[in-house]
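Student: Structure file run.csv (CSV, C-alpha atoms) is given on the next line.
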chain,number,residue,atom,x,y,z
A,15,MET,CA,110.0,81.6,13.1
A,16,ALA,CA,112.2,80.9,10.1
A,17,ALA,CA,116.0,81.1,10.7
A,18,MET,CA,117.5,84.5,9.8
A,19,PHE,CA,121.1,83.5,9.3
A,20,ILE,CA,121.6,79.8,8.7
A,21,ASP,CA,120.0,77.0,6.7
A,22,VAL,CA,121.1,73.4,6.5
A,23,GLU,CA,120.5,71.0,3.6
A,24,VAL,CA,120.8,67.3,3.9
A,25,ASP,CA,121.2,65.2,0.8
A,26,GLU,CA,118.4,62.6,0.0
A,27,SER,CA,121.1,59.9,0.1
A,28,ILE,CA,121.4,60.1,3.9
A,29,HIS,CA,118.0,61.4,4.8
A,30,ALA,CA,116.7,58.0,5.6
A,31,ASP,CA,119.9,56.7,7.2
A,32,ALA,CA,119.1,56.1,10.9
A,33,GLU,CA,122.8,55.7,11.9
A,34,MET,CA,123.7,58.9,10.2
A,35,ALA,CA,120.8,60.7,11.8
A,36,LYS,CA,122.1,59.6,15.3
A,37,LYS,CA,125.6,60.6,14.4
A,38,LEU,CA,124.5,64.1,13.3
A,39,GLU,CA,122.5,64.4,16.5
A,40,GLN,CA,125.5,63.4,18.5
A,41,VAL,CA,128.1,65.7,16.9
A,42,CYS,CA,126.1,68.9,16.6
A,43,PRO,CA,126.8,71.1,19.7
A,44,VAL,CA,123.7,73.2,19.3
A,45,ASP,CA,121.1,70.5,18.6
A,46,ILE,CA,120.2,71.3,15.0
A,47,TYR,CA,119.9,67.6,14.1
A,48,ALA,CA,117.7,64.9,15.6
A,49,GLU,CA,116.9,61.3,14.7
A,50,ARG,CA,113.2,60.9,14.2
A,51,ASP,CA,111.7,57.6,13.0
A,52,GLY,CA,115.0,56.6,11.5
A,53,ARG,CA,115.4,59.7,9.5
A,54,VAL,CA,117.4,62.9,9.8
A,55,ALA,CA,115.3,65.7,11.2
A,56,ILE,CA,116.3,69.4,11.2
A,57,LEU,CA,115.2,71.4,14.2
A,58,ASP,CA,114.4,74.8,12.6
A,59,GLU,CA,114.3,76.6,15.9
A,60,ASN,CA,118.0,75.8,16.5
A,61,LEU,CA,119.4,76.7,13.1
A,62,ASP,CA,120.5,80.2,14.0
A,63,GLU,CA,122.5,78.7,16.9
A,64,CYS,CA,124.9,77.2,14.4
A,65,VAL,CA,128.5,78.1,15.2
A,66,LEU,CA,129.9,77.0,11.8
A,67,CYS,CA,132.0,74.3,13.5
A,68,GLU,CA,131.6,71.9,10.4
A,69,LEU,CA,131.3,68.9,12.7
A,70,CYS,CA,128.2,67.8,10.8
A,71,ILE,CA,129.9,68.2,7.5
A,72,ASN,CA,132.8,66.2,8.6
A,73,ALA,CA,130.6,63.5,10.1
A,74,ALA,CA,128.7,62.9,6.9
A,75,PRO,CA,129.8,61.7,3.4
A,76,THR,CA,131.4,64.4,1.4
A,77,GLY,CA,128.8,66.8,-0.1
A,78,SER,CA,125.8,65.3,1.7
A,79,VAL,CA,125.4,68.1,4.3
A,80,ARG,CA,125.6,71.8,3.4
A,81,VAL,CA,125.4,74.7,5.8
A,82,ARG,CA,124.1,77.7,4.0
A,83,LYS,CA,124.9,81.2,5.3
A,84,LEU,CA,121.8,83.1,4.4
A,85,TYR,CA,123.5,86.4,5.1
A,86,ASP,CA,126.2,86.2,2.4
A,87,GLY,CA,125.0,83.5,0.0
A,88,THR,CA,128.0,81.2,0.7
A,89,ALA,CA,127.9,77.7,2.0
A,90,LEU,CA,130.1,75.2,4.0
A,91,GLY,CA,130.2,71.7,2.6
A,92,ASP,CA,129.9,72.5,-1.0
B,18,MET,CA,122.9,105.7,43.0
B,19,SER,CA,122.1,102.5,41.2
B,20,ILE,CA,122.8,98.8,41.3
B,21,LEU,CA,124.7,97.1,38.5
B,22,ILE,CA,123.0,99.1,35.7
B,23,ASP,CA,121.8,102.6,35.0
B,24,GLN,CA,120.7,104.7,32.0
B,25,ASN,CA,124.3,105.0,30.8
B,26,THR,CA,125.2,101.3,31.0
B,27,THR,CA,126.4,100.0,27.6
B,28,PHE,CA,126.4,96.3,26.9
B,29,ILE,CA,126.8,93.7,24.2
B,30,VAL,CA,125.0,90.5,23.4
B,31,GLN,CA,127.2,87.4,22.8
B,32,GLY,CA,125.5,84.9,20.6
B,33,ILE,CA,123.3,87.7,19.3
B,34,THR,CA,122.2,85.8,16.2
B,35,GLY,CA,120.6,82.9,18.1
B,36,ARG,CA,116.8,82.7,18.4
B,37,GLU,CA,116.5,83.7,22.0
B,38,ALA,CA,119.1,86.4,21.7
B,39,VAL,CA,117.3,88.0,18.7
B,40,ASN,CA,114.2,88.4,20.9
B,41,LEU,CA,116.1,89.5,23.9
B,42,THR,CA,117.9,92.2,21.9
B,43,ARG,CA,114.5,93.5,20.7
B,44,GLU,CA,113.1,93.6,24.2
B,45,CYS,CA,116.1,95.4,25.7
B,46,LEU,CA,116.2,98.0,22.9
B,47,ASP,CA,112.5,98.7,23.3
B,48,TYR,CA,113.0,99.1,27.0
B,49,GLY,CA,115.7,101.8,26.4
B,50,SER,CA,118.8,99.8,27.1
B,51,ARG,CA,122.0,100.7,25.3
B,52,ILE,CA,123.2,97.7,23.3
B,53,ILE,CA,126.3,98.8,21.3
B,54,GLY,CA,127.0,95.6,19.5
B,55,GLY,CA,126.7,91.8,19.3
B,56,VAL,CA,129.1,88.9,18.8
B,57,THR,CA,128.7,85.7,16.9
B,58,PRO,CA,131.7,84.2,15.2
B,59,GLY,CA,131.4,84.1,11.5
B,60,ARG,CA,128.5,86.7,11.3
B,61,LYS,CA,130.6,90.0,11.2
B,62,GLY,CA,128.9,92.7,9.2
B,63,ARG,CA,125.3,91.5,9.9
B,64,GLU,CA,122.8,93.4,12.0
B,65,VAL,CA,120.2,92.3,14.5
B,66,HIS,CA,117.5,94.9,15.0
B,67,GLY,CA,120.0,97.5,13.9
B,68,VAL,CA,122.7,96.3,16.3
B,69,PRO,CA,126.0,95.6,14.5
B,70,VAL,CA,127.4,92.0,14.7
B,71,TYR,CA,131.1,91.2,15.1
B,72,ASP,CA,133.1,88.0,15.1
B,73,SER,CA,134.7,88.6,18.5
B,74,VAL,CA,134.5,90.9,21.5
B,75,ALA,CA,138.0,92.2,20.8
B,76,GLN,CA,136.9,93.1,17.3
B,77,LEU,CA,133.8,94.8,18.6
B,78,VAL,CA,135.9,96.8,21.1
B,79,GLU,CA,138.3,97.9,18.5
B,80,SER,CA,135.5,98.9,16.1
B,81,VAL,CA,133.3,100.9,18.5
B,82,GLY,CA,136.3,102.3,20.4
B,83,MET,CA,135.2,101.4,23.9
B,84,VAL,CA,134.9,98.5,26.3
B,85,PRO,CA,131.2,97.9,27.0
B,86,ASP,CA,130.1,97.9,30.6
B,87,GLY,CA,128.5,94.6,30.3
B,88,SER,CA,127.7,91.5,28.3
B,89,VAL,CA,124.6,89.3,28.0
B,90,VAL,CA,125.9,85.8,27.2
B,91,THR,CA,123.4,83.6,25.3
B,92,VAL,CA,125.8,81.2,23.5
B,93,PRO,CA,125.2,77.4,23.7
B,94,PRO,CA,126.5,75.7,26.8
B,95,THR,CA,129.5,74.1,25.0
B,96,PHE,CA,130.8,77.5,24.1
B,97,THR,CA,129.8,79.6,27.1
B,98,ARG,CA,133.1,79.4,29.0
B,99,ASP,CA,135.1,80.7,26.0
B,100,ALA,CA,132.6,83.5,25.5
B,101,VAL,CA,132.7,84.6,29.1
B,102,PHE,CA,136.5,84.4,29.2
B,103,GLU,CA,136.6,86.5,26.0
B,104,ALA,CA,134.4,89.2,27.5
B,105,ILE,CA,136.2,89.3,30.8
B,106,GLU,CA,139.7,89.4,29.2
B,107,ALA,CA,138.4,92.3,27.0
B,108,GLY,CA,137.7,94.3,30.2
B,109,VAL,CA,133.9,93.8,30.5
B,110,LYS,CA,133.0,94.1,34.2
B,111,LEU,CA,129.4,92.8,34.3
B,112,VAL,CA,128.6,89.5,32.6
B,113,VAL,CA,125.0,88.2,32.6
B,114,ILE,CA,124.9,84.5,31.6
B,115,VAL,CA,121.5,83.5,30.4
B,116,THR,CA,122.6,80.0,29.1
B,117,GLU,CA,121.5,77.0,31.1
B,118,ARG,CA,123.0,73.5,31.3
B,119,ILE,CA,126.6,74.7,31.5
B,120,PRO,CA,128.9,72.1,33.1
B,121,ARG,CA,129.7,73.0,36.8
B,122,TYR,CA,133.4,72.9,36.2
B,123,ASP,CA,133.1,75.5,33.4
B,124,VAL,CA,131.1,77.7,35.7
B,125,ALA,CA,133.6,77.4,38.5
B,126,GLN,CA,136.3,78.5,36.1
B,127,MET,CA,134.3,81.5,34.9
B,128,VAL,CA,133.6,82.6,38.5
B,129,GLU,CA,137.3,82.3,39.3
B,130,LEU,CA,138.4,84.3,36.4
B,131,ALA,CA,135.8,87.0,37.1
B,132,SER,CA,137.1,87.2,40.7
B,133,LEU,CA,140.7,87.5,39.5
B,134,ARG,CA,139.8,90.3,37.0
B,135,GLY,CA,137.4,92.2,39.2
B,136,ALA,CA,134.4,91.4,37.1
B,137,ARG,CA,130.9,90.3,38.3
B,138,ILE,CA,128.9,87.4,36.9
B,139,ILE,CA,125.1,87.2,37.2
B,140,GLY,CA,123.8,83.7,36.5
B,141,PRO,CA,124.2,81.3,34.7
B,142,ASN,CA,120.7,80.1,34.0
B,143,CYS,CA,119.2,83.5,34.8
B,144,LEU,CA,117.0,86.1,33.1
B,145,GLY,CA,119.2,89.1,34.0
B,146,VAL,CA,118.8,92.5,35.7
B,147,ILE,CA,116.2,95.2,35.5
B,148,ARG,CA,116.2,98.7,36.9
B,149,PRO,CA,112.5,99.7,36.4
B,150,GLY,CA,112.0,102.6,34.0
B,151,VAL,CA,115.7,102.8,33.3
B,152,ALA,CA,117.2,99.8,31.6
B,153,LYS,CA,117.2,96.0,31.6
B,154,MET,CA,119.9,93.5,30.7
B,155,GLY,CA,118.5,90.2,29.6
B,156,GLY,CA,115.1,88.8,29.0
B,157,ILE,CA,113.8,89.7,32.4
B,158,GLY,CA,110.2,90.9,32.4
B,159,GLY,CA,109.8,89.9,28.7
B,160,PRO,CA,108.7,92.4,26.0
B,161,ALA,CA,109.2,96.1,27.0
B,162,LYS,CA,105.4,96.7,27.4
B,163,ASP,CA,105.0,93.7,29.8
B,164,ALA,CA,108.2,94.7,31.7
B,165,ALA,CA,106.8,98.2,32.2
B,166,LYS,CA,103.6,96.8,33.6
B,167,ALA,CA,105.3,94.4,36.0
B,168,TYR,CA,108.2,96.6,37.1
B,169,GLN,CA,107.5,100.1,38.4
B,170,PRO,CA,110.2,102.0,40.2
B,171,GLY,CA,110.1,101.8,44.0
B,172,PRO,CA,112.0,101.1,47.1
B,173,VAL,CA,112.3,97.2,47.1
B,174,GLY,CA,115.2,95.3,45.8
B,175,VAL,CA,114.4,91.8,44.5
B,176,MET,CA,116.7,88.8,44.2
B,177,SER,CA,115.5,85.5,42.9
B,178,ARG,CA,116.8,82.1,42.0
B,179,SER,CA,113.9,81.7,39.5
B,180,GLY,CA,113.7,84.1,36.6
B,181,GLY,CA,109.9,83.8,36.3
B,182,MET,CA,109.4,84.4,40.0
B,183,THR,CA,111.5,87.5,39.8
B,184,THR,CA,108.8,89.0,37.7
B,185,GLU,CA,105.9,87.4,39.7
B,186,ILE,CA,107.2,89.0,43.0
B,187,SER,CA,108.0,92.3,41.3
B,188,SER,CA,104.6,92.4,39.7
B,189,THR,CA,103.0,91.8,43.1
B,190,LEU,CA,105.1,94.6,44.7
B,191,THR,CA,104.1,96.9,41.8
B,192,ALA,CA,100.4,96.1,42.1
B,193,ALA,CA,100.6,96.9,45.8
B,194,GLY,CA,102.0,100.3,45.0
B,195,LEU,CA,105.4,99.6,46.4
B,196,GLY,CA,107.5,99.0,43.3
B,197,VAL,CA,111.1,97.8,42.7
B,198,SER,CA,114.5,99.5,42.9
B,199,THR,CA,116.4,96.8,41.1
B,200,ALA,CA,115.5,93.2,40.4
B,201,ILE,CA,118.1,90.5,39.8
B,202,SER,CA,117.5,87.0,38.6
B,203,ILE,CA,120.5,85.4,40.1
B,204,GLY,CA,120.2,82.0,38.5
B,205,GLY,CA,118.9,78.6,39.4
B,206,ASP,CA,122.1,76.6,39.2
B,207,ALA,CA,124.2,75.1,42.0
B,208,ILE,CA,127.1,77.4,41.2
B,209,ILE,CA,126.3,81.0,40.3
B,210,GLY,CA,128.4,84.1,40.0
B,211,SER,CA,126.6,86.3,42.6
B,212,THR,CA,124.7,85.0,45.6
B,213,TYR,CA,122.3,86.9,47.8
B,214,ALA,CA,125.0,87.8,50.3
B,215,GLU,CA,127.4,88.9,47.6
B,216,LEU,CA,124.8,91.3,46.2
B,217,MET,CA,123.6,92.6,49.5
B,218,PRO,CA,126.4,95.2,49.9
B,219,LEU,CA,125.2,96.8,46.6
B,220,PHE,CA,121.7,97.2,47.8
B,221,GLU,CA,122.9,98.3,51.2
B,222,ALA,CA,124.7,101.2,49.4
B,223,ASP,CA,121.8,102.1,47.2
B,224,ASP,CA,119.8,104.9,48.6
B,225,GLN,CA,116.7,104.0,46.6
B,226,THR,CA,116.5,100.6,48.2
B,227,GLU,CA,114.7,100.4,51.5
B,228,ALA,CA,113.9,96.7,51.7
B,229,ILE,CA,114.8,93.4,50.1
B,230,VAL,CA,112.7,90.5,48.9
B,231,ILE,CA,114.2,87.2,48.0
B,232,TYR,CA,112.7,84.1,46.3
B,233,SER,CA,114.3,81.0,47.6
B,234,GLU,CA,114.2,77.2,47.1
B,235,PRO,CA,115.5,74.2,48.9
B,236,GLY,CA,119.1,73.2,48.1
B,237,GLY,CA,122.4,75.0,48.6
B,238,ARG,CA,123.8,77.2,51.4
B,239,MET,CA,122.9,80.7,50.0
B,240,GLU,CA,120.2,81.4,52.5
B,241,ALA,CA,122.4,80.5,55.4
B,242,GLU,CA,125.1,82.8,53.9
B,243,LEU,CA,122.6,85.6,53.6
B,244,ALA,CA,121.3,85.2,57.2
B,245,ARG,CA,124.9,85.4,58.4
B,246,TRP,CA,125.6,88.5,56.3
B,247,VAL,CA,122.5,90.2,57.6
B,248,ARG,CA,123.4,89.4,61.2
B,249,GLU,CA,127.1,90.2,61.0
B,250,ASN,CA,126.7,93.5,59.0
B,251,LYS,CA,123.7,94.8,61.0
B,252,SER,CA,122.0,95.5,57.7
B,253,ARG,CA,119.8,98.6,57.5
B,254,LEU,CA,117.5,96.7,55.1
B,255,PRO,CA,114.6,94.6,56.3
B,256,VAL,CA,114.5,91.4,54.3
B,257,VAL,CA,111.4,89.3,53.4
B,258,ALA,CA,111.9,85.8,52.0
B,259,PHE,CA,109.6,83.5,50.2
B,260,MET,CA,110.6,79.8,50.3
B,261,ALA,CA,109.1,77.6,47.6
B,262,GLY,CA,109.3,73.8,47.6
B,263,ARG,CA,108.5,73.3,51.2
B,264,PHE,CA,106.7,70.1,50.2
B,265,MET,CA,110.2,68.6,49.4
B,266,ASP,CA,110.8,68.1,53.1
B,267,GLU,CA,107.9,65.6,53.2
B,268,MET,CA,108.7,63.9,50.0
B,269,PRO,CA,112.4,62.7,49.9
B,270,GLY,CA,113.5,62.1,46.3
B,271,MET,CA,111.1,64.6,44.8
B,272,SER,CA,112.7,67.0,42.4
B,273,PHE,CA,112.1,70.7,42.0
B,274,GLY,CA,112.6,72.9,38.9
B,275,HIS,CA,116.1,74.2,39.1
B,276,ALA,CA,119.5,72.5,39.1
B,277,GLY,CA,120.5,74.2,42.3
B,278,THR,CA,117.6,72.6,44.1
B,279,ILE,CA,119.5,69.4,45.0
B,280,VAL,CA,119.1,68.8,48.7
B,281,GLU,CA,122.3,67.2,49.9
B,282,GLY,CA,121.9,67.5,53.6
B,283,LYS,CA,119.7,68.6,56.4
B,284,ALA,CA,121.0,72.2,56.2
B,285,ASP,CA,119.6,72.4,52.6
B,286,THR,CA,116.0,71.7,53.5
B,287,ALA,CA,113.3,74.3,53.4
B,288,ALA,CA,112.5,73.9,57.1
B,289,GLU,CA,116.2,74.4,58.1
B,290,LYS,CA,116.5,77.4,55.8
B,291,ILE,CA,113.4,79.0,57.2
B,292,ALA,CA,114.7,78.6,60.7
B,293,ARG,CA,118.0,80.2,59.8
B,294,LEU,CA,116.3,83.1,58.1
B,295,HIS,CA,114.0,83.7,61.2
B,296,GLU,CA,117.1,83.6,63.5
B,297,ALA,CA,118.6,86.5,61.4
B,298,GLY,CA,115.3,88.5,61.7
B,299,ILE,CA,114.3,87.8,58.2
B,300,ALA,CA,110.5,87.5,57.7
B,301,VAL,CA,109.4,84.5,55.7
B,302,ALA,CA,106.1,84.8,53.7
B,303,GLU,CA,103.9,81.8,53.5
B,304,GLU,CA,102.4,83.0,50.3
B,305,ILE,CA,103.5,85.4,47.6
B,306,ALA,CA,100.5,87.6,48.3
B,307,GLU,CA,101.8,88.2,51.9
B,308,ILE,CA,105.0,89.8,50.6
B,309,PRO,CA,103.8,93.4,50.0
B,310,GLY,CA,102.2,93.5,53.5
B,311,LEU,CA,105.4,92.3,55.2
B,312,VAL,CA,107.5,94.8,53.3
B,313,ALA,CA,105.2,97.7,53.9
B,314,GLU,CA,105.0,97.0,57.6
B,315,ARG,CA,108.8,97.0,57.8
B,316,ILE,CA,109.4,100.2,55.9
B,317,GLY,CA,106.4,102.1,57.3
B,318,LYS,CA,104.7,102.5,53.9
B,319,VAL,CA,101.0,102.4,53.3
B,320,MET,CA,100.0,100.1,50.5
B,321,ALA,CA,97.8,101.1,47.6
Just give me the structure as structure tokens.

Tutor:
Amino acid sequence: MAAMFIDVEVDESIHADAEMAKKLEQVCPVDIYAERDGRVAILDENLDECVLCELCINAAPTGSVRVRKLYDGTALGD
Amino acid sequence: MSILIDQNTTFIVQGITGREAVNLTRECLDYGSRIIGGVTPGRKGREVHGVPVYDSVAQLVESVGMVPDGSVVTVPPTFTRDAVFEAIEAGVKLVVIVTERIPRYDVAQMVELASLRGARIIGPNCLGVIRPGVAKMGGIGGPAKDAAKAYQPGPVGVMSRSGGMTTEISSTLTAAGLGVSTAISIGGDAIIGSTYAELMPLFEADDQTEAIVIYSEPGGRMEAELARWVRENKSRLPVVAFMAGRFMDEMPGMSFGHAGTIVEGKADTAAEKIARLHEAGIAVAEEIAEIPGLVAERIGKVMA
């Protein structure tokens, strides 16, 4: 099932960064990120669990992670 | 009379925009439950299956002009304690915690606050409560049509440490023509808000309930506590127990499904628990299929 409320975009510049993938996996309290084969994977089934804590945004280089609120068209991390 | 919930019970869903919560909300609404709102910080103004979403419980209470009777908490484990505190401090008296993997220290704090404020917690790591044909709070029984098949009204109260086994046992009672008064998935963790013994007085006072069935597992002292309660209070209700995980007595180190199934001493083993239950006059079924017969025999009912 596609997420109803939240989408996450990860910039291509960090997509293949294994260390960043591990960091995102570690900081996200609701398991949206995972490190898979050295890349950042987004676990779609957990997207709507997002609590807008911005820990992922703060853990990544500026502008490389965006949390989109599908319900109002705004985003965190822009 | 009713236990915990009835047709007038209003409740909210905290974490309502999460994946499981969206499904649970649909299932409860279809079953006839009265969900008056949901809470997810940052999602105010949204709707989930027509249920309005608010940023906080306090905001919800102010907006709808009433304190809901209960809350189903489905927020991630890191945030569960805060969510439960928020509900209890807002005046909610029944909190069903579905979330699993909550740190024990957090659970202990939630249980303590509930006790101080006169609230009751069911769970964590549970599927909730169902009063067949009336209402359900939580994912217990699954979609409304499935819940309606498994849970028919009747005289048997069910309490279970396993959510799935709550429905399995209730379905067996329903198929035998006995049915269920109220079924409570009490949660599979080592620390829970309401134990068998703590819920017994409610069933005891419920005139629809004529017998109790519990599903039990090795680990913890809840069965001993129940046996003592039954003995000391001369309960009018015959109790039938089913003990899973007997094999663990023969296989030290073997793990079972739930977090609460950690055997720390001899008193926690299946054999020891069965002995204590027998001493209190509680019948112990060897198989699930035996349960309806044992219940019927004790309440003088003829099975279908």

Student: Env of Gly204 of chain B: 9 Å cut, atoms = only C-alpha atoms, seq-sep filter 2 positions within chain, self excluded. Answer as JSON, numbers by chain.

Tutor: {"B": [114, 115, 139, 140, 141, 142, 143, 144, 145, 177, 178, 179, 180, 201, 202, 206, 207, 208, 209, 210, 211, 212, 275, 277]}

Student: Which is closest to Cys64 of chain A among B:Ala38, B:Val92, B:Ile186, B:Ile52, if we use all atoms listed in the file?

Tutor: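 Smallest distance to Cys64 of chain A is found for B:Val92.
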
Student: Give me the residues near segment 221-235 of chain B as a ChimeraX atom specification, where near means some atom within 8 Å (using all atoms listed in the file) and where sequence neighbours in that chain fewer than 4 positions away do not count.

Tutor: /B:18-20,171-179,182-183,198,217,240,252-263,265,278-280,285-287,290,308,312,315-316

Student: For a test of reading the model, state the distance in Å between atom CA of Arg98 of chain B and atom CA of Cys70 of chain A, rounded to one decimal.

Tutor: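 Rounded to one decimal, the two atoms are 22.1 Å apart.
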
Student: Up to 7 Å from chain A, what residues of chain B turn up? Count all atoms listed in the file and give them as number ranges by chain.

Tutor: B: 34-36, 58, 93, 95

Student: Go through B:Ala167, B:Ala152, B:Ala300, B:Leu41 and flag the residue nearest Ala193 of chain B, using only C-alpha atoms for the distances.

Tutor: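 Going through B:Ala167, B:Ala152, B:Ala300, B:Leu41 one by one, the smallest distance to Ala193 of chain B is for B:Ala167.
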
Student: Have a look at A:Cys67, A:Asp58, A:Arg50, A:Arg82 and name the one nearest to Asp31 of chain A; count all atoms listed in the file.

Tutor: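 Result for the nearest residue to Asp31 of chain A: A:Arg50.
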
Student: I'd like the interatomic distance between atom CA of Val74 of chain B and atom CA of Gly59 of chain B, to a tenth of an Å.

Tutor: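 Straight-line distance from atom CA of Val74 of chain B to atom CA of Gly59 of chain B works out to 12.5 Å.
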
Student: Choose the residue, out of B:Asp23, B:Glu304, B:Glu289, B:Asp47, that has the smallest atom-to-atom separation from Pro160 of chain B; count all atoms listed in the file.

Tutor: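 Checking each candidate against Pro160 of chain B, we get B:Asp47 as the closest.
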
Student: What gap, in Å, lies between atom CA of Pro149 of chain B and atom CA of Ala165 of chain B?

Tutor: 7.2 Å

Student: Near Val41 of chain A, within 10 Å and counting all atoms listed in the file, which residues show up once chain neighbours fewer than 2 positions away are dropped, as a ChimeraX atom specification?

Tutor: /A:36-39,43-47,68-73

Student: Considering only C-alpha atoms, state which residue in the set B:Thr27, B:Asn250, B:Thr191, B:Ser132 is at the smallest distance from Phe102 of chain B.

Tutor: B:Ser132

Student: So that I can see what lies close to Ala136 of chain B, please list as a count of residues only the residues with an atom at most 10 Å from it, counting all atoms listed in the file and leaving out residues fewer than 5 positions away in the same chain.

Tutor: 14

Student: Some atoms are absent from segment 69-90 of chain B, so rebuild N, CA and C atoms and return them as a compact mmCIF listing (two decimals), in the coordinates of the input.

Tutor:
# COMPACT_ATOMS: atom_id res chain seq x y z
N PRO B 69 124.97 96.18 15.28
CA PRO B 69 126.00 95.60 14.50
C PRO B 69 126.59 94.30 15.09
N VAL B 70 126.87 93.32 14.26
CA VAL B 70 127.40 92.00 14.70
C VAL B 70 128.89 91.93 14.39
N TYR B 71 129.67 91.42 15.32
CA TYR B 71 131.10 91.20 15.10
C TYR B 71 131.47 89.76 15.39
N ASP B 72 132.70 89.41 14.94
CA ASP B 72 133.10 88.00 15.10
C ASP B 72 133.66 87.75 16.52
N SER B 73 134.14 88.78 17.19
CA SER B 73 134.70 88.60 18.50
C SER B 73 134.50 89.84 19.37
N VAL B 74 134.67 89.70 20.66
CA VAL B 74 134.50 90.90 21.50
C VAL B 74 135.67 91.85 21.26
N ALA B 75 136.87 91.31 21.05
CA ALA B 75 138.00 92.20 20.80
C ALA B 75 137.78 93.02 19.51
N GLN B 76 137.22 92.38 18.50
CA GLN B 76 136.90 93.10 17.30
C GLN B 76 135.87 94.17 17.49
N LEU B 77 134.89 93.85 18.30
CA LEU B 77 133.80 94.80 18.60
C LEU B 77 134.43 96.02 19.36
N VAL B 78 135.27 95.74 20.35
CA VAL B 78 135.90 96.80 21.10
C VAL B 78 136.70 97.73 20.25
N GLU B 79 137.46 97.13 19.36
CA GLU B 79 138.30 97.90 18.50
C GLU B 79 137.42 98.77 17.53
N SER B 80 136.36 98.18 17.06
CA SER B 80 135.50 98.90 16.10
C SER B 80 134.72 100.04 16.73
N VAL B 81 134.14 99.80 17.92
CA VAL B 81 133.30 100.90 18.50
C VAL B 81 134.18 101.82 19.38
N GLY B 82 135.42 101.42 19.65
CA GLY B 82 136.30 102.30 20.40
C GLY B 82 136.07 102.42 21.84
N MET B 83 135.41 101.44 22.41
CA MET B 83 135.20 101.40 23.90
C MET B 83 134.92 100.04 24.35
N VAL B 84 135.21 99.83 25.63
CA VAL B 84 134.90 98.50 26.30
C VAL B 84 133.47 98.67 26.83
N PRO B 85 132.56 97.81 26.42
CA PRO B 85 131.20 97.90 27.00
C PRO B 85 131.21 97.63 28.49
N ASP B 86 130.23 98.19 29.19
CA ASP B 86 130.10 97.90 30.60
C ASP B 86 129.78 96.48 30.90
N GLY B 87 128.93 95.93 30.05
CA GLY B 87 128.50 94.60 30.30
C GLY B 87 128.27 93.73 29.10
N SER B 88 127.99 92.46 29.35
CA SER B 88 127.70 91.50 28.30
C SER B 88 126.59 90.58 28.70
N VAL B 89 125.64 90.35 27.81
CA VAL B 89 124.60 89.30 28.00
C VAL B 89 125.08 88.10 27.19
N VAL B 90 125.34 86.99 27.86
CA VAL B 90 125.90 85.80 27.20
C VAL B 90 124.76 84.80 26.92
